[in-house]
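Asker: Contents of target.cif (mmCIF, C-alpha atoms):
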```cif
data_coords
loop_
_atom_site.label_atom_id
_atom_site.label_comp_id
_atom_site.auth_asym_id
_atom_site.auth_seq_id
_atom_site.Cartn_x
_atom_site.Cartn_y
_atom_site.Cartn_z
CA MET Y 265 -66.70 -20.56 -10.68
CA SER Y 266 -63.72 -22.44 -12.02
CA LEU Y 267 -61.99 -19.18 -13.06
CA ALA Y 268 -62.52 -17.72 -9.61
CA LEU Y 269 -61.16 -20.89 -8.04
CA LEU Y 270 -58.13 -20.77 -10.30
CA LEU Y 271 -57.43 -17.15 -9.41
CA LEU Y 272 -57.86 -17.92 -5.75
CA THR Y 273 -55.44 -20.83 -6.02
CA LEU Y 274 -52.83 -18.71 -7.80
CA ALA Y 275 -53.18 -15.99 -5.20
CA ALA Y 276 -52.77 -18.51 -2.40
CA LEU Y 277 -49.68 -19.95 -4.03
CA ALA Y 278 -48.20 -16.46 -4.25
CA LEU Y 279 -48.72 -15.78 -0.54
CA TRP Y 280 -45.63 -17.77 0.46
CA VAL Y 281 -43.51 -14.86 -0.75
CA VAL Y 282 -45.25 -12.54 1.71
CA LEU Y 283 -45.09 -14.92 4.64
CA PRO Y 284 -41.81 -15.22 6.58
CA GLY Y 285 -41.42 -18.87 5.72
CA LEU Y 286 -38.55 -18.52 3.25
CA ALA Y 287 -35.36 -20.00 4.67
CA PRO Y 288 -32.23 -17.79 4.54
CA GLY Y 289 -29.93 -18.44 1.60
CA ARG Y 290 -26.19 -18.98 1.68
CA GLN Y 291 -23.42 -16.95 0.13
CA ARG Y 292 -19.63 -17.08 -0.03
CA VAL Y 293 -17.50 -14.20 -1.28
CA ARG Y 294 -13.80 -14.74 -1.78
CA THR Y 295 -10.77 -13.65 -3.78
CA ALA Y 296 -7.89 -15.74 -5.04
CA ARG Y 297 -5.44 -13.02 -3.96
CA PRO Y 298 -6.36 -11.74 -0.48
CA TYR Y 299 -3.47 -9.26 -0.32
CA GLY Y 300 -1.50 -6.98 -2.64
CA ALA Y 301 -0.73 -3.33 -3.41
CA ALA Y 302 -3.33 -0.65 -4.06
CA GLY Y 303 -4.16 0.14 -7.66
CA ARG Y 304 -3.89 -3.45 -8.85
CA GLU Y 305 -6.84 -5.53 -10.04
CA ARG Y 306 -7.87 -8.68 -8.17
CA PRO Y 307 -10.44 -11.34 -9.10
CA LEU Y 308 -13.58 -11.64 -7.00
CA GLU Y 309 -16.03 -14.55 -6.82
CA LEU Y 310 -19.53 -14.85 -5.38
CA GLU Y 311 -21.29 -18.18 -4.82
CA ALA Y 312 -24.96 -18.02 -3.73
CA GLU Y 313 -27.46 -20.79 -3.03
CA PHE Y 314 -31.11 -20.57 -1.97
CA VAL Y 315 -34.33 -22.62 -2.10
CA LEU Y 316 -37.62 -21.51 -3.70
CA PRO Y 317 -40.46 -23.87 -2.61
CA LEU Y 318 -42.67 -22.57 -5.45
CA PRO Y 319 -41.93 -20.87 -8.76
CA ALA Y 320 -40.83 -17.26 -8.25
CA PHE Y 321 -38.68 -14.55 -9.75
CA TRP Y 322 -35.40 -13.90 -7.96
CA ARG Y 323 -32.78 -11.16 -8.18
CA VAL Y 324 -29.29 -11.12 -6.65
CA GLU Y 325 -27.61 -7.74 -6.26
CA TRP Y 326 -23.90 -7.76 -5.51
CA THR Y 327 -23.37 -4.60 -3.45
CA PRO Y 328 -20.99 -1.95 -4.88
CA ALA Y 329 -17.91 -0.96 -2.86
CA THR Y 330 -16.46 2.42 -3.84
CA ARG Y 331 -13.18 2.10 -1.95
CA LEU Y 332 -12.53 -1.22 -3.63
CA GLY Y 333 -13.32 0.17 -7.07
CA PHE Y 334 -16.22 -2.30 -7.41
CA ARG Y 335 -19.36 -1.08 -9.20
CA GLY Y 336 -21.46 -4.09 -8.31
CA GLU Y 337 -23.07 -6.88 -10.31
CA GLN Y 338 -26.62 -8.19 -10.72
CA ALA Y 339 -28.27 -11.43 -11.85
CA ALA Y 340 -31.96 -12.37 -12.10
CA GLY Y 341 -34.17 -15.20 -13.25
CA LEU Y 342 -37.20 -17.43 -12.66
CA GLY Y 343 -36.56 -20.41 -10.41
CA TRP Y 344 -38.12 -23.25 -8.48
CA GLY Y 345 -36.44 -25.47 -5.94
CA ARG Y 346 -32.70 -25.15 -5.21
CA VAL Y 347 -31.01 -22.32 -7.10
CA ARG Y 348 -27.23 -22.06 -7.34
CA LEU Y 349 -25.48 -18.99 -8.69
CA ARG Y 350 -21.83 -18.12 -9.35
CA LEU Y 351 -20.68 -14.63 -10.35
CA GLU Y 352 -17.18 -13.43 -11.16
CA ALA Y 353 -15.94 -9.85 -11.06
CA ALA Y 354 -12.83 -7.84 -10.27
CA VAL Y 355 -11.93 -5.19 -7.72
CA GLU Y 356 -9.26 -2.51 -7.97
CA PRO Y 357 -8.79 -1.02 -4.47
CA ARG Y 358 -7.78 2.62 -4.49
CA ARG Y 359 -6.47 2.96 -0.96
CA ARG Y 360 -4.51 0.81 1.44
CA GLY Y 361 -6.35 -0.83 4.31
CA GLU Y 362 -8.13 -4.01 5.35
CA TYR Y 363 -11.60 -4.50 3.87
CA GLU Y 364 -14.40 -7.02 4.12
CA LEU Y 365 -15.37 -8.17 0.64
CA PRO Y 366 -18.77 -6.88 -0.55
CA GLY Y 367 -21.69 -9.21 0.00
CA ALA Y 368 -24.89 -9.77 -1.99
CA ARG Y 369 -28.61 -9.21 -1.38
CA LEU Y 370 -31.38 -11.58 -2.53
CA PHE Y 371 -34.85 -10.39 -3.56
CA VAL Y 372 -37.74 -12.76 -4.35
CA ARG Y 373 -40.94 -11.76 -6.18
CA ASP Y 374 -44.00 -13.92 -6.69
CA PHE Y 375 -44.68 -15.00 -10.26
CA LEU Y 376 -47.81 -12.82 -10.41
CA GLY Y 377 -45.71 -9.73 -9.71
CA PHE Y 378 -47.77 -8.66 -6.67
CA TYR Y 379 -45.08 -8.52 -3.98
CA GLU Y 380 -41.30 -8.56 -3.57
CA ARG Y 381 -39.30 -9.15 -0.40
CA GLU Y 382 -35.64 -9.48 0.58
CA VAL Y 383 -34.37 -12.82 1.81
CA ARG Y 384 -31.33 -12.89 4.06
CA LEU Y 385 -28.11 -14.35 2.67
CA GLU Y 386 -25.81 -15.84 5.29
CA GLY Y 387 -22.27 -17.10 4.96
CA PRO Y 388 -18.60 -16.12 5.06
CA ARG Y 389 -17.19 -13.09 3.31
CA GLY Y 390 -13.45 -12.98 2.90
CA ARG Y 391 -11.24 -10.02 3.68
CA LEU Y 392 -8.83 -8.14 1.45
CA LEU Y 393 -5.60 -6.62 2.75
CA VAL Y 394 -4.49 -3.76 0.52
CA TYR Y 395 -0.82 -2.79 0.78
CA PRO Y 396 0.33 0.79 0.21
CA ARG Y 397 1.30 1.73 -3.33
CA ILE Y 398 4.94 0.98 -4.05
CA TRP Y 399 6.76 3.59 -6.12
CA GLU Y 400 10.08 3.17 -7.85
CA GLN Y 401 10.96 6.74 -6.97
CA LEU Y 402 12.48 8.04 -3.74
CA PRO Y 403 14.50 11.08 -2.68
CA PRO Y 404 17.43 11.68 -5.06
CA GLN Y 405 20.27 10.79 -2.71
CA LEU Y 406 18.39 9.07 0.07
CA ALA Y 407 19.16 5.50 -0.93
CA LEU Y 408 22.85 6.31 -1.32
CA THR Y 409 23.17 8.15 2.00
CA LEU Y 410 21.38 5.33 3.78
CA LEU Y 411 24.04 2.90 2.65
CA ALA Y 412 27.18 5.02 2.45
CA GLU Y 413 28.14 4.42 6.08
CA GLY Y 414 28.49 0.69 5.59
CA PRO Y 415 31.49 -1.41 4.57
CA GLU Y 416 32.35 -2.15 0.96
CA ALA Y 417 30.59 -5.15 -0.56
CA PRO Y 418 31.27 -6.99 -3.83
CA GLU Y 419 27.65 -7.00 -5.03
CA LEU Y 420 25.04 -5.79 -2.54
CA GLY Y 421 24.20 -2.16 -1.87
CA LEU Y 422 24.61 0.92 -4.02
CA GLU Y 423 27.57 2.46 -5.77
CA ASP Y 424 29.20 5.23 -3.75
CA ALA Y 425 30.41 7.97 -6.09
CA SER Y 426 33.02 9.01 -3.51
CA ARG Y 427 34.77 5.61 -3.72
CA TYR Y 428 36.24 5.40 -7.22
CA ARG Y 429 37.45 1.91 -8.05
CA GLY Y 430 38.60 2.19 -11.67
CA THR Y 431 37.22 1.55 -15.14
CA ARG Y 432 35.57 -1.38 -16.86
CA GLU Y 433 34.06 -2.17 -20.24
CA TYR Y 434 30.68 -0.72 -21.11
CA ARG Y 435 27.64 -2.93 -20.44
CA PRO Y 436 24.19 -2.48 -21.98
CA GLY Y 437 22.14 -0.24 -19.71
CA ASP Y 438 25.07 1.80 -18.32
CA ALA Y 439 24.24 5.51 -18.13
CA LEU Y 440 26.02 7.83 -20.56
CA ARG Y 441 27.25 10.00 -17.69
CA ARG Y 442 29.38 7.06 -16.48
CA MET Y 443 31.47 7.04 -19.65
CA HIS Y 444 35.21 7.50 -19.16
CA TRP Y 445 36.16 9.19 -22.43
CA LYS Y 446 39.92 9.12 -21.94
CA ALA Y 447 39.91 5.40 -21.19
CA THR Y 448 37.56 4.86 -24.14
CA ALA Y 449 39.96 6.64 -26.50
CA ARG Y 450 42.93 4.74 -25.07
CA GLN Y 451 41.31 1.27 -25.21
CA GLY Y 452 39.49 1.77 -28.50
CA HIS Y 453 36.10 0.63 -27.15
CA PRO Y 454 33.57 2.12 -24.65
CA MET Y 455 34.76 2.23 -21.04
CA VAL Y 456 32.84 3.42 -17.97
CA ARG Y 457 33.78 4.49 -14.46
CA GLU Y 458 33.27 1.90 -11.70
CA PHE Y 459 32.67 2.74 -8.06
CA ALA Y 460 32.74 0.67 -4.89
CA TRP Y 461 29.55 -0.97 -3.62
CA VAL Y 462 28.71 -0.09 -0.02
CA ARG Y 463 26.05 -1.29 2.37
CA ALA Y 464 24.99 -0.79 5.98
CA THR Y 465 24.10 -3.57 8.37
CA GLY Y 466 20.45 -2.58 8.15
CA VAL Y 467 17.89 0.23 8.07
CA TRP Y 468 15.19 0.94 10.64
CA ILE Y 469 12.27 3.14 9.51
CA TYR Y 470 10.35 5.09 12.17
CA ILE Y 471 7.07 6.89 11.36
CA ASP Y 472 5.76 9.77 13.48
CA VAL Y 473 2.01 9.08 13.25
CA ARG Y 474 0.85 12.53 14.37
CA GLY Y 475 -0.95 13.85 11.30
CA GLY Y 476 -3.97 13.41 9.07
CA GLU Y 477 -4.95 10.55 6.77
CA VAL Y 478 -3.21 12.11 3.75
CA TYR Y 479 0.08 12.36 5.63
CA ILE Y 480 -0.21 8.78 6.94
CA ASP Y 481 -1.02 7.45 3.46
CA HIS Y 482 2.03 9.18 1.96
CA MET Y 483 4.33 7.99 4.74
CA ALA Y 484 3.03 4.42 4.39
CA GLU Y 485 3.75 4.52 0.64
CA LEU Y 486 7.21 6.00 1.18
CA ALA Y 487 8.09 3.44 3.87
CA ALA Y 488 6.84 0.57 1.70
CA SER Y 489 8.75 1.80 -1.35
CA LEU Y 490 11.94 2.28 0.64
CA ALA Y 491 11.62 -1.14 2.30
CA VAL Y 492 11.14 -2.91 -1.04
CA ARG Y 493 14.09 -1.09 -2.58
CA LEU Y 494 16.46 -1.81 0.31
CA MET Y 495 15.43 -5.45 0.60
CA ASP Y 496 16.08 -5.86 -3.12
CA LEU Y 497 19.61 -4.76 -2.29
CA GLY Y 498 19.89 -7.46 0.37
CA LEU Y 499 19.61 -5.23 3.44
CA ALA Y 500 17.78 -5.95 6.67
CA VAL Y 501 14.90 -3.50 7.14
CA GLY Y 502 12.92 -2.71 10.30
CA LEU Y 503 9.77 -0.70 10.91
CA ALA Y 504 8.40 1.11 13.96
CA TRP Y 505 5.95 3.73 15.23
CA PRO Y 506 4.46 4.38 18.69
CA GLY Y 507 3.13 1.07 19.97
CA PHE Y 508 4.63 -1.02 17.15
CA GLU Y 509 8.13 -2.33 16.50
CA ARG Y 510 9.44 -4.79 13.94
CA PRO Y 511 13.24 -5.16 14.19
CA PRO Y 512 15.34 -5.26 11.00
CA ALA Y 513 14.98 -8.50 9.07
CA ARG Y 514 15.39 -9.85 5.55
CA GLY Y 515 13.30 -12.05 3.30
CA LEU Y 516 9.89 -12.18 1.70
CA GLU Y 517 8.02 -13.01 4.92
CA ALA Y 518 9.57 -10.02 6.70
CA LEU Y 519 8.59 -7.77 3.81
CA ARG Y 520 5.01 -9.06 3.78
CA GLY Y 521 4.76 -8.46 7.52
CA MET Y 522 5.87 -4.86 7.11
CA LEU Y 523 3.52 -4.23 4.19
CA ALA Y 524 0.62 -5.70 6.19
CA ALA Y 525 1.43 -3.44 9.14
CA LEU Y 526 1.65 -0.39 6.85
CA ALA Y 527 -1.71 -1.32 5.30
CA ARG Y 528 -3.30 -0.99 8.76
CA LEU Y 529 -1.38 2.13 9.84
CA GLU Y 530 -3.65 4.85 11.27
CA PRO Y 531 -2.98 8.41 12.50
CA ALA Y 532 -2.83 9.02 16.24
CA GLU Y 533 -2.57 11.98 18.58
CA ALA Y 534 0.05 10.42 20.82
CA GLY Y 535 3.66 10.40 19.70
CA GLY Y 536 6.92 9.04 20.96
CA ALA Y 537 10.64 8.87 20.42
CA PRO Y 538 12.28 6.55 17.88
CA PRO Y 539 13.54 3.23 19.24
CA LEU Y 540 17.21 2.68 19.94
CA PRO Y 541 18.43 0.68 16.93
CA PRO Y 542 21.01 -2.10 17.04
CA PRO Y 543 24.60 -0.88 16.63
CA GLY Y 544 25.49 -0.01 13.05
CA VAL Y 545 21.92 0.25 11.77
CA ASN Y 546 20.83 3.42 9.99
CA LEU Y 547 17.69 5.02 11.43
CA VAL Y 548 15.25 6.87 9.14
CA VAL Y 549 12.57 9.03 10.76
CA PHE Y 550 9.49 10.35 8.91
CA THR Y 551 7.68 13.33 10.44
CA GLN Y 552 5.43 16.22 9.52
CA ASP Y 553 6.05 18.76 12.27
CA ALA Y 554 9.27 17.47 13.91
CA PRO Y 555 8.24 17.89 17.59
CA LEU Y 556 10.96 18.41 20.15
CA GLU Y 557 10.68 14.92 21.66
CA LEU Y 558 11.23 13.42 18.22
CA ILE Y 559 14.40 15.45 17.65
CA GLU Y 560 15.71 14.49 21.09
CA GLY Y 561 14.91 10.85 20.38
CA ALA Y 562 16.79 11.02 17.07
CA LEU Y 563 19.83 12.47 18.88
CA ALA Y 564 19.65 9.72 21.50
CA ALA Y 565 19.44 7.05 18.80
CA ARG Y 566 22.56 8.49 17.14
CA ALA Y 567 24.65 7.02 19.98
CA ARG Y 568 24.08 3.56 18.48
CA ALA Y 569 23.01 4.14 14.89
CA ALA Y 570 25.55 4.52 12.11
CA ARG Y 571 23.52 7.44 10.79
CA VAL Y 572 20.17 9.02 11.57
CA HIS Y 573 18.13 10.60 8.77
CA LEU Y 574 15.17 12.81 9.64
CA LEU Y 575 12.79 13.27 6.69
CA ALA Y 576 10.33 16.13 7.24
CA PHE Y 577 7.19 16.73 5.14
CA PRO Y 578 5.75 20.09 6.35
CA GLU Y 579 2.62 19.95 4.17
CA GLY Y 580 2.02 16.29 4.98
CA PHE Y 581 2.48 15.02 1.44
CA PHE Y 582 4.86 14.83 -1.52
CA LEU Y 583 4.10 14.76 -5.22
CA ARG Y 584 3.37 11.25 -6.36
CA PRO Y 585 4.54 10.21 -9.84
CA GLY Y 586 2.40 11.92 -12.46
CA GLU Y 587 0.92 14.48 -10.06
CA LYS Y 588 1.13 18.21 -10.74
CA GLY Y 589 2.20 20.85 -8.25
CA ARG Y 590 0.16 21.64 -5.16
CA PRO Y 591 0.15 24.82 -3.07
CA ILE Y 592 2.67 25.04 -0.23
CA TRP Y 593 2.41 27.15 2.90
CA GLY Y 594 4.74 28.87 5.33
CA ARG Y 595 6.83 27.11 7.93
CA THR Y 596 5.19 25.65 11.00
CA ASP Y 597 6.74 26.19 14.44
CA GLY Y 598 8.21 22.69 14.27
CA MET Y 599 9.74 23.31 10.85
CA ALA Y 600 11.18 26.64 11.94
CA ARG Y 601 12.75 24.96 14.96
CA LEU Y 602 14.09 22.16 12.79
CA GLN Y 603 15.63 24.55 10.25
CA GLU Y 604 17.28 26.57 13.02
CA ARG Y 605 18.91 23.47 14.48
CA ARG Y 606 19.73 21.82 11.17
CA GLY Y 607 23.43 22.61 11.33
CA LEU Y 608 23.77 21.40 14.92
CA LEU Y 609 21.88 18.21 14.13
CA HIS Y 610 24.07 17.55 11.10
CA ALA Y 611 27.20 18.00 13.24
CA ALA Y 612 25.76 15.48 15.70
CA GLY Y 613 25.14 12.91 12.94
CA VAL Y 614 21.40 13.55 12.41
CA TYR Y 615 20.88 14.48 8.76
CA VAL Y 616 17.78 16.54 8.03
CA HIS Y 617 15.94 16.31 4.68
CA VAL Y 618 12.95 18.65 4.18
CA PHE Y 619 10.56 17.85 1.33
CA ARG Y 620 7.96 20.48 0.53
CA GLY Y 621 4.57 19.63 -0.89
CA ASP Y 622 5.51 20.74 -4.40
CA GLU Y 623 8.48 18.36 -4.62
CA ALA Y 624 8.48 14.91 -6.15
CA VAL Y 625 10.28 12.05 -4.44
CA ARG Y 626 12.61 10.14 -6.75
CA PHE Y 627 15.20 7.40 -6.76
CA SER Y 628 18.71 8.11 -7.88
CA ARG Y 629 19.45 5.99 -10.98
CA ALA Y 630 23.20 6.18 -10.50
#
```
Would you put the structure from the file into structure tokens?
Answerer:
Amino acid sequence: MSLALLLLTLAALALWVVLPGLAPGRQRVRTARPYGAAGRERPLELEAEFVLPLPAFWRVEWTPATRLGFRGEQAAGLGWGRVRLRLEAAVEPRRRGEYELPGARLFVRDFLGFYEREVRLEGPRGRLLVYPRIWEQLPPQLALTLLAEGPEAPELGLEDASRYRGTREYRPGDALRRMHWKATARQGHPMVREFAWVRATGVWIYIDVRGGEVYIDHMAELAASLAVRLMDLGLAVGLAWPGFERPPARGLEALRGMLAALARLEPAEAGGAPPLPPPGVNLVVFTQDAPLELIEGALAARARAARVHLLAFPEGFFLRPGEKGRPIWGRTDGMARLQERRGLLHAAGVYVHVFRGDEAVRFSRA
């Protein structure tokens, strides 16, 4: 009789797991660095708290998130009363975007092992803003042509090979191709050629958003890389696409604003013409198919811009650093039209750069 009573008591005590009387637990998921570029690791922290009125086995499963490069975590134990748990992990997001941090699930099983149920975990989950990847490689002469229309500057900008200034003594890090051998022989120590620094008043980047996700991802990375490079040189940089405009500005806050906007950039069917930039600013246009309205908008912007550069990517991508060649296809109607008018556009001050899908995009190290 006593054994039967004991078993009955244990069974009754285990029933609370089956009944819906368990109060929801609390969770908080956060990261110490809520923003940053794709491909970089960030710490992640989960704090969970729940109450077990009677002894029971519990299990917390931290849900995996493939796009964040998070495989998930798990913890389990036997508890009674208030249980507090803290887990640490890391995420390595693979693609730009804005993500909600992965939450956790709580499972409770009675100590006799008869039944298991999920208990709701409530509480805030932080968000993670993933910037586009930033490459140190851009089109060979793009950075120079963007700046070459500007006035000479003592320090800021890039060296313009067409504006020879003279010679100076060799400094560690100078490229061998800069050596001036006659001056070296005459002076008796290494001498290099020195060119004038030039800069424009600013650069405005416009993205034609008509295209697929691959194209948009590549254009976001290219725009971010170009913006970082030009701001390092002290230039004002602006950003725009249909429905969004951020006029040229300098500084860390302006750069963060542009990177955040590029992180959220999405493809769209509707297009538009580039904005009219302030006088003296160079306009850079990214496009895949170069529709007629875009070309006309670039010509209209030329009336105020120092220069207009139209960068076309017919396949919708370029080779990222370390990638091998991809297949390329014939010209689209837009590319054929652009190639036919390339000479006329160049004469009007709109410089066309076509990058096929098997071409890498690099910085000039001059």
Asker: Residues proximal to (-39.3, -8.9, -7.5) were defined as those with any atom within 12 Å of that point in the file's coordinates, counting all atoms listed in the file. Which are they, as a PyMOL selection string?
Answerer: chain Y and resi 281-282+320-325+340-342+370-383
Asker: In file coordinates, which residues lie within 6 Å of (10.0, 11.2, 18.3) using all atoms listed in the file, given as a PDB file with C-alpha atoms, keeping the file's coordinate frame?
Answerer:
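As a result, selection-v5.pdb now contains:
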```pdb
ATOM      1  CA  GLY Y 536       6.920   9.040  20.960  1.00  0.00           C
ATOM      2  CA  ALA Y 537      10.640   8.870  20.420  1.00  0.00           C
ATOM      3  CA  PRO Y 538      12.280   6.550  17.880  1.00  0.00           C
ATOM      4  CA  GLU Y 557      10.680  14.920  21.660  1.00  0.00           C
ATOM      5  CA  LEU Y 558      11.230  13.420  18.220  1.00  0.00           C
ATOM      6  CA  GLY Y 561      14.910  10.850  20.380  1.00  0.00           C
TER       7      GLY Y 561
END
```
Asker: Measure the distance from atom CA of Y:Leu332 to atom CA of Y:Phe314 in Å and round it to one decimal.
Answerer: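 So the answer is 26.9 Å.
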Asker: To verify the selection step, state as a ChimeraX atom specification which residues the PyMOL selection byres ((chain Y and resi 501) around 6) yields on this input.
Answerer: /Y:466-468,500,502,512-513
Asker: Just how far from atom CA of Y:Glu433 is atom CA of Y:Arg457, in Å to one decimal?
Answerer: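 About the pair atom CA of Y:Arg457 and atom CA of Y:Glu433: they are 8.8 Å apart.
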Asker: Out of Y:Arg304, Y:Tyr299, Y:Leu503, Y:Val347, which residue has the shortest atom-to-atom distance to Y:Pro317 when counting only C-alpha atoms?
Answerer: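 Looking at the shortest contact to Y:Pro317, the residue is Y:Val347.
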Asker: What separation in Å, quoted to one decimal, exists between atom CA of Y:Gly343 and atom CA of Y:Pro319?
Answerer: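 These atoms are spaced 5.6 Å apart.
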Asker: Some atoms are absent from stretch 298-313 of chain Y, so rebuild N, CA and C atoms and return them as a CSV table (one decimal), keeping the file's coordinate frame.
Answerer:
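Final output, result31.csv:
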```csv
chain,number,residue,atom,x,y,z
Y,298,PRO,N,-5.8,-12.5,-1.6
Y,298,PRO,CA,-6.4,-11.7,-0.5
Y,298,PRO,C,-5.5,-10.6,0.0
Y,299,TYR,N,-4.3,-10.4,-0.7
Y,299,TYR,CA,-3.5,-9.3,-0.3
Y,299,TYR,C,-2.7,-8.8,-1.6
Y,300,GLY,N,-2.2,-7.6,-1.5
Y,300,GLY,CA,-1.5,-7.0,-2.6
Y,300,GLY,C,-1.6,-5.5,-2.6
Y,301,ALA,N,-0.8,-4.8,-3.4
Y,301,ALA,CA,-0.7,-3.3,-3.4
Y,301,ALA,C,-2.0,-2.7,-4.0
Y,302,ALA,N,-2.2,-1.4,-3.5
Y,302,ALA,CA,-3.3,-0.6,-4.1
Y,302,ALA,C,-3.1,-0.3,-5.5
Y,303,GLY,N,-4.2,-0.2,-6.2
Y,303,GLY,CA,-4.2,0.1,-7.7
Y,303,GLY,C,-4.0,-1.0,-8.6
Y,304,ARG,N,-4.0,-2.2,-8.0
Y,304,ARG,CA,-3.9,-3.4,-8.8
Y,304,ARG,C,-5.2,-4.3,-8.8
Y,305,GLU,N,-5.6,-4.8,-9.9
Y,305,GLU,CA,-6.8,-5.5,-10.0
Y,305,GLU,C,-6.7,-6.9,-9.4
Y,306,ARG,N,-7.8,-7.3,-8.8
Y,306,ARG,CA,-7.9,-8.7,-8.2
Y,306,ARG,C,-9.2,-9.3,-8.5
Y,307,PRO,N,-9.2,-10.6,-8.8
Y,307,PRO,CA,-10.4,-11.3,-9.1
Y,307,PRO,C,-11.3,-11.5,-7.9
Y,308,LEU,N,-12.6,-11.5,-8.1
Y,308,LEU,CA,-13.6,-11.6,-7.0
Y,308,LEU,C,-14.6,-12.7,-7.4
Y,309,GLU,N,-15.1,-13.5,-6.5
Y,309,GLU,CA,-16.0,-14.6,-6.8
Y,309,GLU,C,-17.1,-14.6,-5.8
Y,310,LEU,N,-18.4,-14.7,-6.3
Y,310,LEU,CA,-19.5,-14.8,-5.4
Y,310,LEU,C,-20.2,-16.2,-5.7
Y,311,GLU,N,-20.5,-17.0,-4.7
Y,311,GLU,CA,-21.3,-18.2,-4.8
Y,311,GLU,C,-22.5,-18.0,-3.9
Y,312,ALA,N,-23.7,-18.1,-4.5
Y,312,ALA,CA,-25.0,-18.0,-3.7
Y,312,ALA,C,-25.8,-19.2,-4.0
Y,313,GLU,N,-26.6,-19.6,-2.9
Y,313,GLU,CA,-27.5,-20.8,-3.0
Y,313,GLU,C,-28.7,-20.5,-2.2
```
